[in-house]
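Inspection log for the structure reproduced underneath, given as structure tokens.
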Amino acid sequence: MADFLPHFQVDYSNNRSKPESIFQGQTYRITILTERLIRFEYSKDGVFFDDLTELVRNRNFEVPEFQVQQDDKYLEITTKYFQLQYAKEKPFVGSKLAPDANLKVTLLNTDKLWYFNHPEARNFGTTSVSLDENSSKFSPQKGLYSVDGFASIDDSKSMLLMPDGYLSTTNVNRVDTYLFVYRRDFGLCLKDYFDLTGYPGLIPRYALGIWWNKNEIYHFQDTKDLLLNFNKNRIPMSILLLGEHWHLKDANHLDLYKTGFTFNRNLFPDPSFFTNYMHERGVHVGIQIDPSEGIMAHEDAYDEIARDLGLVDRSTIPFQVFDRFVLLNYFNKLIKPLTMKGIDFYWIDYYHEKDLNTLRALSYYHFEDYRQYRDKRGFVMTRNGGVAAHRYPILYSGKTKVSWDTLKTLPYFTSLASNIGVSFWSHDVGGFQDGIEDSELYARYVQLACFSPIFRFASEKGRYYKREPWMWDIKTLNIVRDYCSLRHHLIPYLYAEAYKYHKTGLPLVQPLYYLNPEVYDEPYFKNEYYFGSELFVAPITTKKDLVMNRAIMRLFLPDGMWYDFKTGKKFPGNKRYVTFYKDEDYPVFAKKGSIIPLADFEENINVTSPPSSMEIHVFPGKSNTYYLYEDDGFSSLFERGYYIMTTIDYNYLQNNYTLIIRPVEGKSGIIPETRDYRIRFRNTREADDVKVYYDKDVIPFEKYVDDSDFIISVKNVKTTGQLTVNCKGQDIEIDAVRIINEEIDSIISDLQIETRLKEIIADIIYNENYDIKKKRIEIKKLKSKGLESIFIRMFMKLLEYISEL
């Protein structure tokens, strides 16, 4: 047997649980891993396994607090979350008439009870394998979040992970189930899950920028022209992801040979020169890999691999991911040469619903090869294998259809993923195939992508799939440019939130129902989600009213005070709203006290590294501290302390507030030595008295007002010291509460009707002495004065929305 790849070796020091946590008989083994997590094993032969699996990477938990009562026939274990009762040596599954007779787990202080084969019907589910073909109709898989407060995961059929890093499909007949019993403490449930399965990796910083992934047949010159057009239109691009046409194919049958490992030299004469060209301009390169068709005779490495295997007939070599020798050749002779040519990461596009083992093995091996061999943080984009998918770390949802139904599905689909600890889903921005290209739909896709974990433009090949922003009208181009730019500005915030996810398991996207479970079944609110710690998003996923020229949104805002991220208008929380959005606007809200660090564009707008100029948005109403994490963005050096953590402290008083920026952890030299800061105090009047210090020294600054924001600007501040900004004044905060009449006035102003009628309509709608019925009657009377029926119907609808407030 060939020696396996040495860099795949696994740390096996934590595979066994502590003996004090284990209760074992001849046929059963029960392990209390935490106060909320139990492992159940049953074997008629009395054989139990301590091998790691593709799911489980650690069982060496600290012994939790629990109480035990037992005798020869009965076992009872109690923690502060549950009481476990088991008739020793009996099968875990009872009879149909009494399913809980042998083993049951009672959730303390509730009426909930779990037993083996429990239907767990109140589980909210999590995302499926993909959205291919059925973009708006998918069957959620079981997740961890349940209103019952418990969820189980079966590890009985998982592949075994050997000490040398090899995944074995050896069929071991075993019952091996993990039960999470958390009541309402779902955050602790996720902590237990990540302690068991491994925490999410920290993705490269560039992955949070703009991706381009159109399945065209690109020549090197085409990619240069593409990048030139992006940057000429002031749109950043961080990743160029090549689809199936980068490698050798049958020129007469381009639909064949989805598998390939050799660059087509007619398209890219010098692959290394191509990748260097992109890297010099701040763009990283990924390529699609699907090895399912095997290694064909036209590959550069074919002769060497065939010779090693003793093949002489030049037949295609089948790809076997569970053959050690094939894997050695695959990574050493096919993948390594591509990496040496400058490929930054691989997109694993293997898709066979009945063969998820191969998909999971490919994801695992590629991730570990990238991470350990290259001394970089692991990074692949792959389809969802369903087992500990958070580890790999970006999931690809498949070739989605271009449609409003798809768009409506995406935010719900993404937020469901948090129920199994996944944050980074990558969807086709604009949709991949079919459908109708529509400017409004395209713009709404882009706006959602701006506030999504991954922003990847994608489509099938074809000049009429208009993913290029400059192929649209000037209005659409401007909207798309603004949101692409905003996305790039948001990278410091997104990267800090990604680090938080890596360290604590706190998902980047969290559904509204985590804190407001009562709105789960309300269709208007199911797509709303928290986006990191500071922002809340209510996506627009339906067409606008063409007459009103607005998207009509019913939304719910959680408890607290919220500010529209664009306008700064205040929205008191724990309320339902009807709102109206122009094409260029989007419902994104910051909670009071929010601190959101943004990057300013560098000279090269594609670059995603820590910026030398930043704009810090600070919303009033509450003191807060934000932890800004930064490192080199791609290597594993951060694991050895090469990073910097900067706190941004906002100390809020109504007429006296202070912002302090200072490094608190890490090493110098990681971020720019000096930085320009623009501190944007949102919804804030100009302060009478402003002082700015670096450490203890007063330093010069600029101050000015921009609309409803007060801005302090300082230049060339050393990032190794403390910047302090103190502002004093009377009635500093602007009380800009959102007023529905302003939105209605804007709608009336934009309508193509006679100006004299607008005055009459406004008098009717704003008349406080008229009820809704009277207003409808008066509007209908305006038909005699020339108001067209289409506008009368629009105002009837608008009055209906107003009546809901």
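Within each chain, counting starts at residue 1; across the structure tokens, chains are named A, B, ... in the order shown, with ligands numbered 1 upward in that order.
Taking only region 536-771 of chain A, the residues that DSSP calls alpha helix (DSSP H) from the backbone come to Ile740, Asn741, Glu742, Glu743, Ile744, Asp745, Ser746, Ile747, Ile748, Ser749, Asp750, Thr755, Arg756, Leu757, Lys758, Glu759, Ile760, Ile761, Ala762, Asp763, Ile764 and Ile765 of chain A.
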Output file for the residues above (C-alpha atoms, as a PDB file, in the first residue's frame):
```pdb
ATOM      1  CA  ILE A 740     -44.925  57.946   6.427  1.00  0.00           C
ATOM      2  CA  ASN A 741     -46.182  61.265   4.989  1.00  0.00           C
ATOM      3  CA  GLU A 742     -42.694  61.964   3.624  1.00  0.00           C
ATOM      4  CA  GLU A 743     -42.743  58.708   1.662  1.00  0.00           C
ATOM      5  CA  ILE A 744     -46.264  59.344   0.349  1.00  0.00           C
ATOM      6  CA  ASP A 745     -45.269  62.863  -0.664  1.00  0.00           C
ATOM      7  CA  SER A 746     -42.319  61.445  -2.591  1.00  0.00           C
ATOM      8  CA  ILE A 747     -44.599  59.002  -4.422  1.00  0.00           C
ATOM      9  CA  ILE A 748     -47.078  61.752  -5.359  1.00  0.00           C
ATOM     10  CA  SER A 749     -44.254  64.018  -6.512  1.00  0.00           C
ATOM     11  CA  ASP A 750     -42.914  61.395  -8.943  1.00  0.00           C
ATOM     12  CA  THR A 755     -49.510  69.112 -10.958  1.00  0.00           C
ATOM     13  CA  ARG A 756     -52.814  70.720  -9.926  1.00  0.00           C
ATOM     14  CA  LEU A 757     -54.201  67.243  -9.189  1.00  0.00           C
ATOM     15  CA  LYS A 758     -51.236  66.438  -6.947  1.00  0.00           C
ATOM     16  CA  GLU A 759     -52.198  69.304  -4.626  1.00  0.00           C
ATOM     17  CA  ILE A 760     -55.798  68.059  -4.412  1.00  0.00           C
ATOM     18  CA  ILE A 761     -54.700  64.457  -3.799  1.00  0.00           C
ATOM     19  CA  ALA A 762     -52.331  65.521  -1.019  1.00  0.00           C
ATOM     20  CA  ASP A 763     -55.084  67.529   0.681  1.00  0.00           C
ATOM     21  CA  ILE A 764     -57.320  64.441   0.662  1.00  0.00           C
ATOM     22  CA  ILE A 765     -54.732  61.954   1.909  1.00  0.00           C
TER      23      ILE A 765
END
```
Exercise: region 674-686 of chain A partners within 7 Å, only C-alpha atoms, chain neighbours under 6 positions left out, as number ranges by chain:
A: 568, 612-620, 705, 708-719, 732-734
Write the residues of the preceding selection, restricted to N, CA, C and O atoms, as a short mmCIF file (atom, residue, chain, number, x, y, z; two decimals), in the first residue's frame.
```
data_model
loop_
_atom_site.label_atom_id
_atom_site.label_comp_id
_atom_site.auth_asym_id
_atom_site.auth_seq_id
_atom_site.Cartn_x
_atom_site.Cartn_y
_atom_site.Cartn_z
N GLY A 568 -30.52 57.26 7.60
CA GLY A 568 -30.41 57.59 9.02
C GLY A 568 -31.74 57.76 9.73
O GLY A 568 -31.78 58.01 10.94
N SER A 612 -5.50 51.75 4.06
CA SER A 612 -4.78 52.85 4.70
C SER A 612 -5.70 54.02 5.02
O SER A 612 -5.29 54.99 5.63
N SER A 613 -6.98 53.90 4.60
CA SER A 613 -7.97 54.94 4.89
C SER A 613 -9.28 54.26 5.23
O SER A 613 -9.71 53.34 4.52
N MET A 614 -9.91 54.72 6.29
CA MET A 614 -11.16 54.10 6.74
C MET A 614 -12.20 55.16 7.10
O MET A 614 -11.86 56.26 7.51
N GLU A 615 -13.46 54.77 6.95
CA GLU A 615 -14.58 55.57 7.41
C GLU A 615 -15.34 54.76 8.45
O GLU A 615 -15.79 53.65 8.16
N ILE A 616 -15.47 55.31 9.65
CA ILE A 616 -16.15 54.62 10.74
C ILE A 616 -17.53 55.25 10.93
O ILE A 616 -17.64 56.43 11.25
N HIS A 617 -18.58 54.44 10.69
CA HIS A 617 -19.95 54.92 10.92
C HIS A 617 -20.34 54.61 12.36
O HIS A 617 -20.21 53.47 12.82
N VAL A 618 -20.84 55.64 13.06
CA VAL A 618 -21.23 55.50 14.47
C VAL A 618 -22.65 56.02 14.61
O VAL A 618 -22.93 57.19 14.33
N PHE A 619 -23.55 55.14 15.07
CA PHE A 619 -24.95 55.54 15.25
C PHE A 619 -25.19 55.87 16.72
O PHE A 619 -24.67 55.20 17.61
N PRO A 620 -25.99 56.89 17.00
CA PRO A 620 -26.16 57.38 18.38
C PRO A 620 -27.08 56.48 19.19
O PRO A 620 -27.65 55.51 18.70
N VAL A 705 -20.24 69.04 8.24
CA VAL A 705 -21.55 68.38 8.25
C VAL A 705 -21.86 67.89 6.84
O VAL A 705 -21.67 68.63 5.86
N SER A 708 -27.22 64.83 7.30
CA SER A 708 -27.57 64.72 8.72
C SER A 708 -26.44 64.08 9.54
O SER A 708 -26.67 63.63 10.66
N ASP A 709 -25.22 64.03 8.98
CA ASP A 709 -24.09 63.42 9.68
C ASP A 709 -23.04 64.47 10.03
O ASP A 709 -22.80 65.41 9.26
N PHE A 710 -22.41 64.27 11.19
CA PHE A 710 -21.31 65.11 11.61
C PHE A 710 -20.02 64.31 11.45
O PHE A 710 -19.91 63.19 11.93
N ILE A 711 -19.02 64.89 10.77
CA ILE A 711 -17.84 64.15 10.38
C ILE A 711 -16.58 64.80 10.94
O ILE A 711 -16.40 66.01 10.86
N ILE A 712 -15.73 63.96 11.50
CA ILE A 712 -14.40 64.35 11.95
C ILE A 712 -13.38 63.61 11.08
O ILE A 712 -13.45 62.39 10.94
N SER A 713 -12.46 64.33 10.48
CA SER A 713 -11.46 63.73 9.60
C SER A 713 -10.06 64.00 10.14
O SER A 713 -9.72 65.16 10.44
N VAL A 714 -9.26 62.92 10.26
CA VAL A 714 -7.86 63.07 10.70
C VAL A 714 -6.97 62.28 9.74
O VAL A 714 -7.39 61.27 9.18
N LYS A 715 -5.73 62.78 9.57
CA LYS A 715 -4.81 62.20 8.60
C LYS A 715 -3.59 61.61 9.29
O LYS A 715 -3.14 62.09 10.33
N ASN A 716 -3.05 60.57 8.66
CA ASN A 716 -1.74 60.01 9.05
C ASN A 716 -1.64 59.69 10.54
O ASN A 716 -0.67 60.04 11.20
N VAL A 717 -2.62 58.99 11.04
CA VAL A 717 -2.62 58.58 12.44
C VAL A 717 -1.89 57.25 12.57
O VAL A 717 -2.21 56.28 11.86
N LYS A 718 -0.91 57.18 13.45
CA LYS A 718 -0.21 55.91 13.64
C LYS A 718 -1.17 54.87 14.23
O LYS A 718 -1.93 55.17 15.16
N THR A 719 -1.11 53.67 13.68
CA THR A 719 -2.04 52.62 14.12
C THR A 719 -1.56 51.88 15.36
O THR A 719 -2.22 50.95 15.82
N ILE A 732 -27.43 67.21 20.54
CA ILE A 732 -26.57 66.79 19.43
C ILE A 732 -27.32 65.86 18.46
O ILE A 732 -27.23 65.99 17.25
N GLU A 733 -28.08 64.92 19.01
CA GLU A 733 -28.71 63.92 18.13
C GLU A 733 -29.91 64.51 17.40
O GLU A 733 -30.74 65.21 17.97
N ILE A 734 -30.00 64.24 16.09
CA ILE A 734 -31.13 64.66 15.27
C ILE A 734 -32.24 63.63 15.42
O ILE A 734 -32.04 62.44 15.17
#
```
Check the DSSP output for the backbone and give back, as a VMD selection string, the residues of region 455-663 of chain A in strand (DSSP E).
chain A and resid 455 to 459 509 to 511 529 to 531 535 to 537 551 to 557 561 to 564 570 to 572 575 to 581 588 to 591 595 to 599 613 to 618 624 to 630 644 to 653 656 to 663
Please provide the set of residues having any atom within 10 Å of Gly198 (chain A), restricted to only C-alpha atoms, with same-chain residues fewer than 6 positions apart removed, written as an mmCIF file with N, CA and C atoms, in the first residue's frame.
```
data_model
loop_
_atom_site.group_PDB
_atom_site.id
_atom_site.type_symbol
_atom_site.label_atom_id
_atom_site.label_comp_id
_atom_site.auth_asym_id
_atom_site.auth_seq_id
_atom_site.Cartn_x
_atom_site.Cartn_y
_atom_site.Cartn_z
ATOM 1 N N LEU A 55 -17.608 13.596 10.659
ATOM 2 C CA LEU A 55 -18.370 14.558 11.459
ATOM 3 C C LEU A 55 -17.601 14.994 12.691
ATOM 4 N N VAL A 56 -17.069 14.036 13.437
ATOM 5 C CA VAL A 56 -16.554 14.295 14.788
ATOM 6 C C VAL A 56 -15.036 14.412 14.779
ATOM 7 N N ARG A 57 -14.537 15.537 15.310
ATOM 8 C CA ARG A 57 -13.097 15.770 15.400
ATOM 9 C C ARG A 57 -12.605 15.881 16.843
ATOM 10 N N ASN A 58 -13.505 15.848 17.804
ATOM 11 C CA ASN A 58 -13.085 15.989 19.199
ATOM 12 C C ASN A 58 -14.146 15.399 20.111
ATOM 13 N N LYS A 191 -22.189 26.038 20.217
ATOM 14 C CA LYS A 191 -20.854 25.901 20.792
ATOM 15 C C LYS A 191 -20.508 24.424 20.974
ATOM 16 N N ASP A 192 -21.436 23.650 21.520
ATOM 17 C CA ASP A 192 -21.188 22.215 21.682
ATOM 18 C C ASP A 192 -20.950 21.543 20.336
ATOM 19 N N ALA A 388 -21.039 18.294 8.606
ATOM 20 C CA ALA A 388 -20.074 19.309 9.060
ATOM 21 C C ALA A 388 -19.638 20.201 7.905
ATOM 22 N N HIS A 390 -19.757 23.242 7.435
ATOM 23 C CA HIS A 390 -19.167 24.534 7.787
ATOM 24 C C HIS A 390 -17.646 24.525 7.664
ATOM 25 N N ARG A 391 -17.037 23.344 7.558
ATOM 26 C CA ARG A 391 -15.578 23.285 7.582
ATOM 27 C C ARG A 391 -14.940 23.617 6.240
ATOM 28 N N HIS A 502 -15.392 32.390 13.073
ATOM 29 C CA HIS A 502 -14.316 31.406 13.185
ATOM 30 C C HIS A 502 -13.980 31.093 14.645
ATOM 31 N N GLY A 505 -18.103 30.653 16.556
ATOM 32 C CA GLY A 505 -19.198 29.934 15.903
ATOM 33 C C GLY A 505 -20.449 30.772 15.713
#
```
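Across A:Glu497, A:Asp323, A:Glu468, A:Asp735, the tightest approach to Thr169 (chain A) is made by A:Asp323 when counting only C-alpha atoms.
Residues in contact with Trp114 (chain A) at up to 7 Å, not including ones fewer than 3 positions away on its chain and judged by only C-alpha atoms, are Lys104, Val105, Thr106 and His118 of chain A.
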N, CA and C atoms of the current selection, written as a PDB file, in the first residue's frame:
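Produced file again_33.pdb, reproduced below:
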```pdb
ATOM      1  N   LYS A 104     -35.177   7.284  27.472  1.00  0.00           N
ATOM      2  CA  LYS A 104     -35.830   8.567  27.239  1.00  0.00           C
ATOM      3  C   LYS A 104     -35.015   9.677  27.889  1.00  0.00           C
ATOM      4  N   VAL A 105     -35.132  10.863  27.303  1.00  0.00           N
ATOM      5  CA  VAL A 105     -34.452  12.045  27.824  1.00  0.00           C
ATOM      6  C   VAL A 105     -35.500  13.128  28.012  1.00  0.00           C
ATOM      7  N   THR A 106     -35.664  13.569  29.246  1.00  0.00           N
ATOM      8  CA  THR A 106     -36.640  14.598  29.577  1.00  0.00           C
ATOM      9  C   THR A 106     -35.929  15.942  29.704  1.00  0.00           C
ATOM     10  N   HIS A 118     -37.397   9.608  17.546  1.00  0.00           N
ATOM     11  CA  HIS A 118     -38.346  10.703  17.734  1.00  0.00           C
ATOM     12  C   HIS A 118     -38.491  11.441  16.401  1.00  0.00           C
TER      13      HIS A 118
END
```
Might you pull out every residue within 9 Å of region 255-267 of chain A, with only C-alpha atoms counted and same-chain residues fewer than 3 positions away left off, and present them as a PyMOL selection string?
chain A and resi 217-221+244-250+252+270-271+289-296+298-301+334-335+338
Which region 282-345 of chain A residues have any atom within 12 Å of an atom of region 7-10 of chain A, and for each, what is the nearest pair of atoms with distance in Å to one decimal, counting only C-alpha atoms, rows sorted by chain and number, as a Markdown table?
```
| residue | atom | partner | partner_atom | distance |
| --- | --- | --- | --- | --- |
| A:Arg324 | CA | A:Phe8 | CA | 11.9 |
| A:Leu327 | CA | A:Phe8 | CA | 11.5 |
| A:Leu328 | CA | A:Phe8 | CA | 11.2 |
| A:Phe331 | CA | A:Phe8 | CA | 11.5 |
| A:Asn332 | CA | A:His7 | CA | 12.0 |
```
Leaving out region 631-648 of chain A and any residue of its chain fewer than 5 positions from it, which residues lie within 8 Å of it when counting only C-alpha atoms, given as a short mmCIF file (atom, residue, chain, number, x, y, z; two decimals) with C-alpha atoms, in the first residue's frame?
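Contents of selection_11.cif, as written:
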```cif
data_model
loop_
_atom_site.label_atom_id
_atom_site.label_comp_id
_atom_site.auth_asym_id
_atom_site.auth_seq_id
_atom_site.Cartn_x
_atom_site.Cartn_y
_atom_site.Cartn_z
CA ILE A 203 -11.83 32.45 5.01
CA PRO A 204 -9.35 34.58 3.03
CA ARG A 205 -10.15 38.25 3.12
CA TYR A 206 -10.39 38.48 -0.67
CA ARG A 371 -4.38 24.34 4.32
CA ASP A 375 0.69 26.77 4.87
CA LYS A 376 -2.38 28.83 4.06
CA ARG A 377 -5.79 28.80 5.63
CA ILE A 595 -20.20 50.90 14.93
CA SER A 609 -6.02 44.06 2.17
CA PRO A 610 -6.29 46.21 5.31
CA THR A 625 -17.40 48.55 21.59
CA TYR A 626 -16.53 47.04 18.23
CA LEU A 659 -14.81 57.61 20.30
CA ILE A 660 -11.54 55.82 21.07
CA ILE A 661 -9.63 53.71 18.51
CA ARG A 662 -6.70 51.70 19.86
CA PRO A 663 -4.91 48.38 19.27
CA VAL A 664 -5.36 45.96 22.15
CA GLU A 665 -3.97 42.65 20.91
CA GLY A 666 -1.57 41.22 18.32
CA LYS A 667 1.62 42.38 16.63
CA SER A 668 2.60 45.55 14.81
CA ILE A 670 0.27 43.66 10.16
CA ILE A 671 -1.73 46.71 9.07
#
```
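Nearest to Glu602 (chain A) of all the residues A:Arg576, A:Arg281, A:Lys461, A:His366 is A:Arg281, counting only C-alpha atoms.
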